[in-house]
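Okay, so here's the structure we're looking at.
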Amino acid sequence: MIRIHLTAADFARIRFAPRPAPLQELNTALMMLVHPHDELLFGRWRRRLLRSLPASALPLADLVPGAQAPCFLDVFDDSLEAGLHTVRTTDPGLVRSELERVRAGHAAPAPAWIRDLHRGDAGAWQPLLRAQHAAFETVMRPVWCLVQDLHQGEFARHALTVAEHGIGTALAALVPGSRLRGGVWELEGPTEQDVRPDGRGLLLLPTFHWTGRPLVADPPGRPPAVTYPAGPGLPLTPDGTGGTDEALAGVLGRTRFAMLRLLAEEHTTSGLARRLGVSNATCSAHAAALRGAGLVTTVRAGRSVLHRRTALGSLLLQRRGEG
């Protein structure tokens with residue numbers, strides 16, 4: 001059981017990651033790559049990636065000789081460049097202790113570059129950074145636009161839940177089987193673990209490649225992070241998922257999605273209701289939910305109520321292709 005002890009200050013600092021984290025999504029894809037389960041679903045995907053991974057990515061296997069990876073690989077920056085910089089600037093003491101932890105019990109000698117990294121040799125970072133970059137380009141780059149689209153939909157879905165029902169309901173719904181008891185969020189886990197943010201807050205990050213239990217990271221000096229599975233249950237392929245429209249419609253609901261599309265231009269409640277084929281009361285309820293999530297604005301003009309999409313609402317409808 002994993003227990004995350006949240007203070008009032010932590011609740012005030014809980015946030016859903018607005019964008020995916022390239023290196024963390026890569027970590028989860030690599031975890032799924034080496035896991036032996038679900039051969040029927042993941043077998044072809046694993047074999048294809050194992051054939052296509054370049055030799056420059058192999059140092060990642062040296063760094064993770066067993067079931068656990070060093071915690072300095074848990075990086076939540078929302079760009080690849082920033083993530084690689086965060087890895088490179090890890091505290092040397094943490095690097096040494098984590099390398100010793102993950103290699104404990106392994107009789108085979110560590111490769112030379114791992115020994116150099118343990119000693120603090122600045123040049124020893126280059127094999128790791130090249131490996132991460134090469135693995136990202138091979139595993140993630142072909143599907144990165146789809147990851148971004150799915151993340152946008154996931155972000156919007158939970159924004160609506162928070163707006164309508166509060167953060168407590170959103171946390172309980174985030175991970176099946178989890179419970180919020182008082183100030184403790186309980187998640188099923190393979191070991192007993194107590195995480196105490198102590199005012200640092202909490203970062204919630206969906207992953208679309210991992211289907212196992214939530215992954216909890218507690219980096220020193222940063223908010224703890226819960227990486228939770230939110231994917232379709234199959235490895236993503238460049239042509240295996242719908243576009244932004246389908247992803248958002250699936251999480252917002254067809255009526256709210258259509259409302260967002262219409263509100264590129266200002267509409268009254270009655271005008272929206274006619275376009276959507278719903279009653280004024282239903283239209284008002286949908287508009288209130290979208291407004292609570294920051295996706296639309298509503299102003300009164302005389303006897304009319306006018307609605308328009310916000311910049312965030314427009315962002316969620318865009319197909320984003322940057323790295």
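Residue numbers start at 1 in each chain; chains themselves are named A, B, ... in the order of the structure tokens; ligands are numbered from 1 in the order shown.
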
Worksheet entry | Per-residue DSSP, range 85-145 of chain A, filtered to alpha helix (DSSP H), as a ChimeraX atom specification | /A:85-88,92-103,112-119,125-135,144-145

Item to complete: From a DSSP pass on the backbone, collect the residues of range 51-203 of chain A flagged as strand (DSSP E) and hand them back as a list in words.
Response: Arg179, Leu180, Arg181, Val184, Trp185, Glu186, Leu187, Gln193, Asp194, Val195, Leu202 and Leu203 of chain A

Worksheet item: Got a sec: who's within 7 Å of range 156-166 of chain A, counting only C-alpha atoms, leaving out chain neighbours fewer than 6 positions off, as a list of chain:residue names?
Response: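 Close residues of range 156-166 of chain A: A:Val251, A:Leu252, A:Ala289, A:Leu290, A:Gly292, A:Ala293.
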
Practice prompt. Between A:Leu99, A:Gly294, A:Thr89, A:Glu266, single out the one closest to Phe155 in chain A, counting only C-alpha atoms.
Written response: A:Gly294

Practice prompt. For each of A:Glu137, A:Leu236, A:Leu204, A:Arg96, take the minimum atom-to-atom distance to Ala170 in chain A, counting only C-alpha atoms, then give the residue where this is smallest.
Written response: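 Going through A:Glu137, A:Leu236, A:Leu204, A:Arg96 one by one, the smallest distance to Ala170 in chain A is for A:Leu204.
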
For the interface of range 122-195 of chain A with range 61-69 of chain A (cut-off 12 Å, counting only C-alpha atoms), please tabulate each contacting residue of range 122-195 of chain A alongside its nearest pair of atoms and their separation in Å to one decimal, rows sorted by chain and increasing number, as a tab-separated table.
residue	atom	partner	partner_atom	distance
A:Trp125	CA	A:Leu63	CA	11.6
A:Pro127	CA	A:Asp62	CA	10.6
A:Leu128	CA	A:Leu63	CA	8.4
A:Leu129	CA	A:Leu63	CA	11.8
A:Ala131	CA	A:Ala61	CA	9.7
A:Gln132	CA	A:Ala61	CA	11.0
A:Ala135	CA	A:Ala61	CA	11.4

Once you have the residues from the selection above, write them out as a PDB file, in the first residue's frame, restricted to N, CA, C and O atoms.
ATOM      1  N   TRP A 125      28.563  11.444 -18.449  1.00  0.00           N
ATOM      2  CA  TRP A 125      27.152  11.707 -18.713  1.00  0.00           C
ATOM      3  C   TRP A 125      26.801  11.540 -20.192  1.00  0.00           C
ATOM      4  O   TRP A 125      25.646  11.287 -20.533  1.00  0.00           O
ATOM      5  N   PRO A 127      27.356   9.249 -22.606  1.00  0.00           N
ATOM      6  CA  PRO A 127      26.686   8.017 -23.075  1.00  0.00           C
ATOM      7  C   PRO A 127      25.229   7.930 -22.639  1.00  0.00           C
ATOM      8  O   PRO A 127      24.374   7.471 -23.419  1.00  0.00           O
ATOM      9  N   LEU A 128      24.939   8.389 -21.399  1.00  0.00           N
ATOM     10  CA  LEU A 128      23.556   8.321 -20.926  1.00  0.00           C
ATOM     11  C   LEU A 128      22.667   9.295 -21.688  1.00  0.00           C
ATOM     12  O   LEU A 128      21.570   8.929 -22.142  1.00  0.00           O
ATOM     13  N   LEU A 129      23.125  10.532 -21.848  1.00  0.00           N
ATOM     14  CA  LEU A 129      22.302  11.527 -22.533  1.00  0.00           C
ATOM     15  C   LEU A 129      22.081  11.140 -23.996  1.00  0.00           C
ATOM     16  O   LEU A 129      20.974  11.313 -24.531  1.00  0.00           O
ATOM     17  N   ALA A 131      22.023   8.087 -25.075  1.00  0.00           N
ATOM     18  CA  ALA A 131      21.119   6.938 -25.046  1.00  0.00           C
ATOM     19  C   ALA A 131      19.675   7.382 -24.868  1.00  0.00           C
ATOM     20  O   ALA A 131      18.770   6.865 -25.543  1.00  0.00           O
ATOM     21  N   GLN A 132      19.439   8.311 -23.963  1.00  0.00           N
ATOM     22  CA  GLN A 132      18.073   8.794 -23.760  1.00  0.00           C
ATOM     23  C   GLN A 132      17.543   9.474 -25.013  1.00  0.00           C
ATOM     24  O   GLN A 132      16.382   9.281 -25.395  1.00  0.00           O
ATOM     25  N   ALA A 135      16.853   6.816 -27.704  1.00  0.00           N
ATOM     26  CA  ALA A 135      15.670   6.020 -27.382  1.00  0.00           C
ATOM     27  C   ALA A 135      14.393   6.832 -27.591  1.00  0.00           C
ATOM     28  O   ALA A 135      13.392   6.309 -28.096  1.00  0.00           O
TER      29      ALA A 135
END

Practice prompt. Measuring atom to atom with only C-alpha atoms, identify which of A:Leu6, A:Val184, A:Gly201, A:Gly271 is nearest to Gly221 in chain A.
Written response: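 Looking at the shortest contact to Gly221 in chain A, the residue is A:Gly201.
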
Worksheet item: Excluding same-chain residues fewer than 3 positions from Ile4 in chain A, what lies within 12 Å of it counting only C-alpha atoms, as an MDAnalysis selection string?
Response: chainID A and resid 1 7 10:11 171 178:189 192:198 201:203 216:218 223:226

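Taking CA of Leu26 in chain A and CA of Gly313 in chain A as endpoints, the distance between them is 27.7 Å.
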
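The nearest approach to Leu60 in chain A among the residues A:Val75, A:Leu80, A:Val147, A:Leu30, with only C-alpha atoms taken into account, belongs to A:Leu30.
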
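Non-sequential neighbours of range 35-49 of chain A (distance at most 12 Å, separation of 4 or more positions within a chain, only C-alpha atoms) are A:Thr28, A:Ala29, A:Leu30, A:Met31, A:Leu53, A:Pro54, A:Ala57, A:Gly66, A:Ala67, A:Ala135, A:Phe136, A:Glu137, A:Thr138, A:Val139, A:Met140, A:Pro142, A:His209, A:Trp210, A:Thr211, A:Gly212, A:Pro232, A:Gly233, A:Leu234, A:Pro235, A:Leu236, A:Thr237.
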
Worksheet item: Do you have the CA of Leu260 in chain A-CA of Arg309 in chain A distance handy?
Response: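 Computing it gives 6.4 Å between the two atoms.
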
Item to complete: Fewer than 2 positions away in the same chain doesn't count, so skip those; otherwise give me all residues within 12 Å of Leu94 in chain A, counting only C-alpha atoms, as a list in words.
Response: Pro70, Cys71, Phe72, Leu73, Val87, Thr89, Thr90, Asp91, Pro92, Arg96, Ser97, Glu98, Leu99, Glu100, Arg101, Leu117, His118, Arg119, Gly120, Pro219 and Pro220 of chain A

Now that the selection is made, can you save its residues with N, CA and C atoms as a CSV table (one decimal), in the first residue's frame?
chain,number,residue,atom,x,y,z
A,70,PRO,N,17.5,3.9,-11.3
A,70,PRO,CA,17.9,5.0,-10.4
A,70,PRO,C,16.9,6.1,-10.5
A,71,CYS,N,16.6,6.7,-9.3
A,71,CYS,CA,15.5,7.7,-9.3
A,71,CYS,C,15.9,9.0,-10.0
A,72,PHE,N,17.1,9.2,-10.4
A,72,PHE,CA,17.4,10.4,-11.1
A,72,PHE,C,17.0,10.3,-12.6
A,73,LEU,N,16.5,9.2,-13.0
A,73,LEU,CA,15.8,9.1,-14.3
A,73,LEU,C,14.4,9.5,-14.3
A,87,VAL,N,18.6,15.7,-15.9
A,87,VAL,CA,19.3,14.5,-15.6
A,87,VAL,C,20.8,14.9,-15.4
A,89,THR,N,22.3,17.5,-14.4
A,89,THR,CA,22.6,18.3,-13.3
A,89,THR,C,22.2,17.7,-12.0
A,90,THR,N,22.0,16.4,-12.0
A,90,THR,CA,21.6,15.6,-10.7
A,90,THR,C,22.8,15.8,-9.7
A,91,ASP,N,22.4,15.9,-8.5
A,91,ASP,CA,23.4,16.0,-7.4
A,91,ASP,C,24.3,14.8,-7.4
A,92,PRO,N,25.6,15.0,-7.4
A,92,PRO,CA,26.6,13.8,-7.5
A,92,PRO,C,26.4,12.8,-6.4
A,96,ARG,N,25.7,8.8,-6.9
A,96,ARG,CA,26.5,7.7,-6.3
A,96,ARG,C,25.6,6.7,-5.6
A,97,SER,N,24.7,7.3,-4.7
A,97,SER,CA,23.9,6.4,-3.9
A,97,SER,C,22.9,5.6,-4.7
A,98,GLU,N,22.3,6.2,-5.7
A,98,GLU,CA,21.4,5.5,-6.6
A,98,GLU,C,22.1,4.4,-7.4
A,99,LEU,N,23.3,4.7,-7.9
A,99,LEU,CA,24.0,3.7,-8.7
A,99,LEU,C,24.3,2.5,-7.8
A,100,GLU,N,24.7,2.8,-6.5
A,100,GLU,CA,25.0,1.7,-5.6
A,100,GLU,C,23.8,0.9,-5.3
A,101,ARG,N,22.6,1.6,-5.1
A,101,ARG,CA,21.4,0.9,-4.8
A,101,ARG,C,21.0,-0.1,-5.9
A,117,LEU,N,30.8,7.4,-14.0
A,117,LEU,CA,29.7,8.2,-13.5
A,117,LEU,C,29.7,8.2,-12.0
A,118,HIS,N,29.9,7.1,-11.4
A,118,HIS,CA,29.9,6.9,-10.0
A,118,HIS,C,31.0,7.8,-9.3
A,119,ARG,N,32.2,7.9,-10.0
A,119,ARG,CA,33.3,8.8,-9.5
A,119,ARG,C,33.0,10.3,-9.7
A,120,GLY,N,32.0,10.6,-10.5
A,120,GLY,CA,31.7,12.0,-10.8
A,120,GLY,C,32.4,12.6,-12.0
A,219,PRO,N,11.2,12.9,-5.5
A,219,PRO,CA,12.6,13.5,-5.7
A,219,PRO,C,12.9,14.6,-4.7
A,220,PRO,N,14.1,14.6,-4.2
A,220,PRO,CA,14.4,15.6,-3.1
A,220,PRO,C,14.3,17.0,-3.6

Discussion item. Which residue is closest to Ala173 in chain A? Choose from A:His307, A:Leu215, A:Thr191, A:Ala230 and count only C-alpha atoms.
Written reply: A:Ala230
